[in-house]
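J.: Just work09.pdb, nothing more (PDB, C-alpha atoms):
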ATOM      1  CA  MET A 733     145.829  98.991  40.280  1.00  0.00           C
ATOM      2  CA  CYS A 734     143.306 101.468  41.332  1.00  0.00           C
ATOM      3  CA  ASN A 735     145.319 104.427  40.070  1.00  0.00           C
ATOM      4  CA  ALA A 736     143.748 104.040  36.628  1.00  0.00           C
ATOM      5  CA  LEU A 737     140.307 103.808  38.226  1.00  0.00           C
ATOM      6  CA  LYS A 738     141.013 106.800  40.458  1.00  0.00           C
ATOM      7  CA  ASN A 739     142.045 108.811  37.398  1.00  0.00           C
ATOM      8  CA  ARG A 740     138.769 107.906  35.699  1.00  0.00           C
ATOM      9  CA  LEU A 741     136.873 109.138  38.758  1.00  0.00           C
ATOM     10  CA  GLN A 742     138.435 112.557  38.251  1.00  0.00           C
ATOM     11  CA  SER A 743     137.207 112.880  34.672  1.00  0.00           C
ATOM     12  CA  GLU A 744     134.042 110.796  34.337  1.00  0.00           C
ATOM     13  CA  ARG A 745     130.706 111.096  36.120  1.00  0.00           C
ATOM     14  CA  MET A 746     130.166 107.322  36.026  1.00  0.00           C
ATOM     15  CA  PHE A 747     131.934 104.366  34.480  1.00  0.00           C
ATOM     16  CA  LEU A 748     131.649 100.610  34.113  1.00  0.00           C
ATOM     17  CA  PHE A 749     134.400  98.021  34.056  1.00  0.00           C
ATOM     18  CA  ALA A 750     134.724  94.246  34.002  1.00  0.00           C
ATOM     19  CA  VAL A 751     135.943  92.207  36.963  1.00  0.00           C
ATOM     20  CA  LYS A 752     136.817  88.533  37.255  1.00  0.00           C
ATOM     21  CA  VAL A 753     136.639  87.405  40.895  1.00  0.00           C
ATOM     22  CA  ARG A 754     138.360  84.417  42.468  1.00  0.00           C
ATOM     23  CA  PRO A 755     136.513  83.720  45.740  1.00  0.00           C
ATOM     24  CA  SER A 756     137.965  82.003  48.831  1.00  0.00           C
ATOM     25  CA  ALA A 757     141.476  83.354  48.250  1.00  0.00           C
ATOM     26  CA  LYS A 758     143.947  83.968  51.079  1.00  0.00           C
ATOM     27  CA  LYS A 759     143.380  87.724  50.909  1.00  0.00           C
ATOM     28  CA  THR A 760     141.431  90.259  48.913  1.00  0.00           C
ATOM     29  CA  GLN A 761     143.681  91.931  46.376  1.00  0.00           C
ATOM     30  CA  LEU A 762     144.051  92.899  42.745  1.00  0.00           C
ATOM     31  CA  LYS A 763     145.983  90.184  40.959  1.00  0.00           C
ATOM     32  CA  GLU A 764     146.301  91.713  37.500  1.00  0.00           C
ATOM     33  CA  VAL A 765     144.598  93.522  34.679  1.00  0.00           C
ATOM     34  CA  LEU A 766     143.927  91.091  31.840  1.00  0.00           C
ATOM     35  CA  SER A 767     144.665  91.910  28.200  1.00  0.00           C
ATOM     36  CA  ASP A 768     140.987  92.747  27.575  1.00  0.00           C
ATOM     37  CA  GLY A 769     140.997  95.292  30.438  1.00  0.00           C
ATOM     38  CA  THR A 770     139.228  93.025  32.932  1.00  0.00           C
ATOM     39  CA  TYR A 771     140.408  93.440  36.520  1.00  0.00           C
ATOM     40  CA  LYS A 772     141.226  90.068  38.096  1.00  0.00           C
ATOM     41  CA  ILE A 773     140.600  90.296  41.842  1.00  0.00           C
ATOM     42  CA  ASP A 774     141.026  87.701  44.575  1.00  0.00           C
ATOM     43  CA  SER A 775     138.357  87.755  47.284  1.00  0.00           C
ATOM     44  CA  ALA A 776     138.994  86.360  50.751  1.00  0.00           C
ATOM     45  CA  ALA A 777     135.261  85.736  51.124  1.00  0.00           C
ATOM     46  CA  PRO A 778     133.551  82.570  49.868  1.00  0.00           C
ATOM     47  CA  ALA A 779     131.105  82.587  46.967  1.00  0.00           C
ATOM     48  CA  LYS A 780     128.211  81.870  49.294  1.00  0.00           C
ATOM     49  CA  ASP A 781     125.260  84.027  50.316  1.00  0.00           C
ATOM     50  CA  GLY A 782     126.673  87.048  48.448  1.00  0.00           C
ATOM     51  CA  LYS A 783     129.763  87.244  50.665  1.00  0.00           C
ATOM     52  CA  ALA A 784     132.250  87.450  47.775  1.00  0.00           C
ATOM     53  CA  ASN A 785     130.175  90.218  46.162  1.00  0.00           C
ATOM     54  CA  ALA A 786     130.039  92.175  49.412  1.00  0.00           C
ATOM     55  CA  GLU A 787     133.795  91.789  49.833  1.00  0.00           C
ATOM     56  CA  LEU A 788     134.400  92.973  46.262  1.00  0.00           C
ATOM     57  CA  VAL A 789     132.286  96.095  46.852  1.00  0.00           C
ATOM     58  CA  ARG A 790     134.031  96.756  50.182  1.00  0.00           C
ATOM     59  CA  PHE A 791     137.488  96.334  48.626  1.00  0.00           C
ATOM     60  CA  LEU A 792     136.841  98.590  45.635  1.00  0.00           C
ATOM     61  CA  ALA A 793     135.185 101.272  47.769  1.00  0.00           C
ATOM     62  CA  GLU A 794     138.122 101.271  50.187  1.00  0.00           C
ATOM     63  CA  GLU A 795     140.725 101.346  47.397  1.00  0.00           C
ATOM     64  CA  LEU A 796     138.961 104.207  45.627  1.00  0.00           C
ATOM     65  CA  GLY A 797     138.101 106.167  48.768  1.00  0.00           C
ATOM     66  CA  LEU A 798     134.367 105.966  48.116  1.00  0.00           C
ATOM     67  CA  PRO A 799     131.343 104.961  50.152  1.00  0.00           C
ATOM     68  CA  LYS A 800     130.166 101.429  49.356  1.00  0.00           C
ATOM     69  CA  THR A 801     126.972 102.896  47.932  1.00  0.00           C
ATOM     70  CA  ASN A 802     129.033 104.316  45.040  1.00  0.00           C
ATOM     71  CA  VAL A 803     130.189 100.840  43.967  1.00  0.00           C
ATOM     72  CA  GLN A 804     127.538  98.633  42.398  1.00  0.00           C
ATOM     73  CA  ILE A 805     127.663  95.198  40.772  1.00  0.00           C
ATOM     74  CA  VAL A 806     125.487  95.649  37.699  1.00  0.00           C
ATOM     75  CA  THR A 807     125.709  92.195  36.111  1.00  0.00           C
ATOM     76  CA  GLY A 808     127.140  88.834  37.107  1.00  0.00           C
ATOM     77  CA  LYS A 809     126.041  88.660  40.730  1.00  0.00           C
ATOM     78  CA  THR A 810     126.127  84.851  40.591  1.00  0.00           C
ATOM     79  CA  SER A 811     129.098  84.605  38.216  1.00  0.00           C
ATOM     80  CA  LYS A 812     132.860  85.039  38.546  1.00  0.00           C
ATOM     81  CA  ARG A 813     132.682  87.644  35.770  1.00  0.00           C
ATOM     82  CA  LYS A 814     130.968  90.851  36.787  1.00  0.00           C
ATOM     83  CA  GLU A 815     130.372  94.339  35.512  1.00  0.00           C
ATOM     84  CA  VAL A 816     130.898  96.998  38.171  1.00  0.00           C
ATOM     85  CA  LYS A 817     129.587 100.563  38.092  1.00  0.00           C
ATOM     86  CA  ILE A 818     131.492 103.301  39.911  1.00  0.00           C
ATOM     87  CA  THR A 819     130.139 106.773  40.600  1.00  0.00           C
ATOM     88  CA  PRO A 820     132.144 109.570  42.214  1.00  0.00           C
ATOM     89  CA  LYS A 821     131.299 110.906  45.665  1.00  0.00           C
ATOM     90  CA  SER A 822     129.717 114.069  44.314  1.00  0.00           C
ATOM     91  CA  ILE A 823     126.777 112.338  42.602  1.00  0.00           C
TER
END
Once more with this new file: its structure as structure tokens, please.

T.:
Amino acid sequence: MCNALKNRLQSERMFLFAVKVRPSAKKTQLKEVLSDGTYKIDSAAPAKDGKANAELVRFLAEELGLPKTNVQIVTGKTSKRKEVKITPKSI
């Protein structure tokens, strides 16, 4: 899953990608990459008080080996569909 994202971190200073989140799942994990390139991710946290968003940021940061401050939800904070911005450690 994150191999494609990790490869982008090596070559790009910043990039955006689409995520579709399913909150209140059994565990946080990547389910699939949809045909339009959207990453479908299950979140173990509920969609309440920003918990699913926080879990998404934590998961992506951990998978990519980045601090959470380098993962930002740009749009869709109250929606299942989100746009996420990733910046490498060096910025």

J.: Measuring atom to atom with all atoms listed in the file, identify which of A:Leu788, A:Gly769, A:Pro820, A:Ala776 is nearest to Asn802 of chain A.

T.: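 Once distances to Asn802 of chain A are computed over all atoms listed in the file, the minimum belongs to A:Pro820.
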
J.: Expressed in Å to a single decimal, how great is the separation between atom CA of Lys780 of chain A and atom CA of Pro755 of chain A?

T.: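 Interatomic distance, atom CA of Lys780 of chain A to atom CA of Pro755 of chain A: 9.2 Å.
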
J.: Ranking A:Ser811, A:Pro778, A:Ile805, A:Glu794 by minimum distance to Phe749 of chain A and counting all atoms listed in the file, which one comes first?

T.: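 Using all atoms listed in the file, Phe749 of chain A sits closest to A:Ile805.
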
J.: Choose the residue, out of A:Arg745, A:Arg740, A:Val751, A:Lys772, that has the smallest atom-to-atom separation from Val806 of chain A; count all atoms listed in the file.

T.: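 For Val806 of chain A, the nearest of the candidates is A:Val751.
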
J.: Within 12 Å of Val765 of chain A, counting all atoms listed in the file, which residues qualify if same-chain residues fewer than 4 places away don't, as a PyMOL selection string?

T.: chain A and resi 733-734+736-737+749-753+761+769-773

J.: Write a file of the selected residues as a short mmCIF file (atom, residue, chain, number, x, y, z; two decimals), in the frame of the given file, keeping C-alpha atoms.

T.:
data_model
loop_
_atom_site.label_atom_id
_atom_site.label_comp_id
_atom_site.auth_asym_id
_atom_site.auth_seq_id
_atom_site.Cartn_x
_atom_site.Cartn_y
_atom_site.Cartn_z
CA MET A 733 145.83 98.99 40.28
CA CYS A 734 143.31 101.47 41.33
CA ALA A 736 143.75 104.04 36.63
CA LEU A 737 140.31 103.81 38.23
CA PHE A 749 134.40 98.02 34.06
CA ALA A 750 134.72 94.25 34.00
CA VAL A 751 135.94 92.21 36.96
CA LYS A 752 136.82 88.53 37.26
CA VAL A 753 136.64 87.40 40.90
CA GLN A 761 143.68 91.93 46.38
CA GLY A 769 141.00 95.29 30.44
CA THR A 770 139.23 93.02 32.93
CA TYR A 771 140.41 93.44 36.52
CA LYS A 772 141.23 90.07 38.10
CA ILE A 773 140.60 90.30 41.84
#

J.: Carefully work through the PyMOL selection byres ((chain A and resi 779) around 9) for this structure and note down the residues it includes, as a list in words.

T.: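 Against this file, the PyMOL selection byres ((chain A and resi 779) around 9) returns the residues Arg754, Pro755, Ser756, Ser775, Ala777, Pro778, Lys780, Asp781, Gly782, Lys783, Ala784, Asn785, Thr810 and Lys812 of chain A.
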
J.: Could the residues in this selection be written to a file with C-alpha atoms, as a short mmCIF file (atom, residue, chain, number, x, y, z; two decimals), keeping the file's coordinate frame?

T.:
data_model
loop_
_atom_site.label_atom_id
_atom_site.label_comp_id
_atom_site.auth_asym_id
_atom_site.auth_seq_id
_atom_site.Cartn_x
_atom_site.Cartn_y
_atom_site.Cartn_z
CA ARG A 754 138.36 84.42 42.47
CA PRO A 755 136.51 83.72 45.74
CA SER A 756 137.96 82.00 48.83
CA SER A 775 138.36 87.76 47.28
CA ALA A 777 135.26 85.74 51.12
CA PRO A 778 133.55 82.57 49.87
CA LYS A 780 128.21 81.87 49.29
CA ASP A 781 125.26 84.03 50.32
CA GLY A 782 126.67 87.05 48.45
CA LYS A 783 129.76 87.24 50.66
CA ALA A 784 132.25 87.45 47.78
CA ASN A 785 130.18 90.22 46.16
CA THR A 810 126.13 84.85 40.59
CA LYS A 812 132.86 85.04 38.55
#

J.: Could you jot down the atom CA of Lys758 of chain A to atom CA of Asp774 of chain A separation for me, Å, one decimal place?

T.: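 Between these atoms lies a distance of 8.0 Å.
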
J.: May I have the residues within 10 Å of Thr801 of chain A as a count of residues only, using only C-alpha atoms and disregarding those fewer than 6 positions away in the same chain?

T.: 6

J.: Restricting the calculation to all atoms listed in the file: of A:Leu792, A:Leu741, A:Ala786, A:Val803, which residue gets closest to Lys817 of chain A?

T.: A:Val803

J.: By how many Å are atom CA of Leu762 of chain A and atom CA of Asn735 of chain A apart?

T.: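 Spanning atom CA of Leu762 of chain A to atom CA of Asn735 of chain A is a straight-line distance of 11.9 Å.
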
J.: With all atoms listed in the file as the atoms that count, which of A:Val816, A:Leu766, A:Ala757, A:Leu796 lies nearest to Asn739 of chain A?

T.: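 When distances to Asn739 of chain A are compared using all atoms listed in the file, the smallest one comes from A:Leu796.
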
J.: Could you check the closest approach to Leu748 of chain A for each of A:Leu798, A:Lys809, A:Gln804, A:Phe791 and tell me which residue wins, using only C-alpha atoms?

T.: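 The closest residue to Leu748 of chain A is A:Gln804.
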
J.: If I only have part of segment 738-749 of chain A, can you fill in all heavy atoms and write it as a compact mmCIF listing (two decimals), keeping the file's coordinate frame?

T.:
# COMPACT_ATOMS: atom_id res chain seq x y z
N LYS A 738 141.07 105.50 39.78
CA LYS A 738 141.01 106.80 40.46
C LYS A 738 141.09 107.94 39.44
O LYS A 738 140.38 108.94 39.58
CB LYS A 738 142.14 106.92 41.48
CG LYS A 738 141.92 106.08 42.71
CD LYS A 738 143.10 106.20 43.67
CE LYS A 738 142.93 105.28 44.85
NZ LYS A 738 144.08 105.33 45.76
N ASN A 739 141.94 107.79 38.44
CA ASN A 739 142.04 108.81 37.40
C ASN A 739 140.73 108.95 36.64
O ASN A 739 140.32 110.06 36.30
CB ASN A 739 143.18 108.49 36.43
CG ASN A 739 144.54 108.66 37.07
OD1 ASN A 739 144.69 109.36 38.07
ND2 ASN A 739 145.53 108.00 36.52
N ARG A 740 140.06 107.84 36.38
CA ARG A 740 138.77 107.91 35.70
C ARG A 740 137.73 108.62 36.56
O ARG A 740 136.87 109.33 36.03
CB ARG A 740 138.28 106.51 35.34
CG ARG A 740 139.07 105.89 34.20
CD ARG A 740 138.55 104.54 33.83
NE ARG A 740 137.30 104.65 33.10
CZ ARG A 740 136.63 103.61 32.64
NH1 ARG A 740 137.08 102.39 32.83
NH2 ARG A 740 135.49 103.76 31.98
N LEU A 741 137.81 108.45 37.87
CA LEU A 741 136.87 109.14 38.76
C LEU A 741 137.00 110.65 38.65
O LEU A 741 136.03 111.38 38.85
CB LEU A 741 137.11 108.73 40.21
CG LEU A 741 136.49 107.43 40.66
CD1 LEU A 741 136.94 107.09 42.08
CD2 LEU A 741 134.99 107.49 40.60
N GLN A 742 138.21 111.12 38.36
CA GLN A 742 138.44 112.56 38.25
C GLN A 742 137.79 113.14 37.00
O GLN A 742 137.40 114.31 36.99
CB GLN A 742 139.94 112.85 38.22
CG GLN A 742 140.69 112.39 39.45
CD GLN A 742 140.19 113.06 40.71
OE1 GLN A 742 139.95 114.26 40.73
NE2 GLN A 742 140.03 112.29 41.76
N SER A 743 137.67 112.33 35.94
CA SER A 743 137.21 112.88 34.67
C SER A 743 135.83 112.41 34.22
O SER A 743 135.23 113.03 33.36
CB SER A 743 138.22 112.55 33.57
OG SER A 743 138.33 111.15 33.43
N GLU A 744 135.32 111.33 34.79
CA GLU A 744 134.04 110.80 34.34
C GLU A 744 133.01 110.81 35.47
O GLU A 744 133.33 110.58 36.61
CB GLU A 744 134.22 109.36 33.84
CG GLU A 744 135.18 109.25 32.66
CD GLU A 744 135.39 107.82 32.21
OE1 GLU A 744 134.42 107.05 32.20
OE2 GLU A 744 136.53 107.50 31.85
N ARG A 745 131.76 111.06 35.12
CA ARG A 745 130.71 111.10 36.12
C ARG A 745 130.30 109.70 36.57
O ARG A 745 129.81 109.51 37.66
CB ARG A 745 129.49 111.84 35.57
CG ARG A 745 129.80 113.32 35.37
CD ARG A 745 128.58 114.16 35.15
NE ARG A 745 127.52 114.04 36.11
CZ ARG A 745 127.50 114.59 37.33
NH1 ARG A 745 128.53 115.29 37.75
NH2 ARG A 745 126.46 114.45 38.11
N MET A 746 130.49 108.71 35.71
CA MET A 746 130.17 107.32 36.03
C MET A 746 130.90 106.45 35.02
O MET A 746 131.09 106.86 33.88
CB MET A 746 128.65 107.11 35.90
CG MET A 746 128.14 105.71 36.19
SD MET A 746 128.24 104.54 34.84
CE MET A 746 127.19 105.24 33.61
N PHE A 747 131.35 105.29 35.44
CA PHE A 747 131.93 104.37 34.48
C PHE A 747 131.73 102.92 34.91
O PHE A 747 131.49 102.63 36.07
CB PHE A 747 133.41 104.67 34.22
CG PHE A 747 134.32 104.54 35.41
CD1 PHE A 747 134.95 103.34 35.70
CD2 PHE A 747 134.55 105.62 36.24
CE1 PHE A 747 135.79 103.22 36.79
CE2 PHE A 747 135.39 105.52 37.32
CZ PHE A 747 136.01 104.31 37.60
N LEU A 748 131.80 102.05 33.91
CA LEU A 748 131.65 100.61 34.11
C LEU A 748 132.95 99.93 33.77
O LEU A 748 133.69 100.39 32.89
CB LEU A 748 130.55 100.06 33.20
CG LEU A 748 129.16 100.64 33.35
CD1 LEU A 748 128.28 100.19 32.20
CD2 LEU A 748 128.55 100.21 34.67
N PHE A 749 133.24 98.82 34.44
CA PHE A 749 134.40 98.02 34.06
C PHE A 749 134.15 96.57 34.45
O PHE A 749 133.32 96.26 35.29
CB PHE A 749 135.70 98.56 34.67
CG PHE A 749 135.74 98.54 36.18
CD1 PHE A 749 136.39 97.51 36.85
CD2 PHE A 749 135.14 99.54 36.93
CE1 PHE A 749 136.45 97.50 38.24
CE2 PHE A 749 135.18 99.53 38.30
CZ PHE A 749 135.84 98.50 38.96
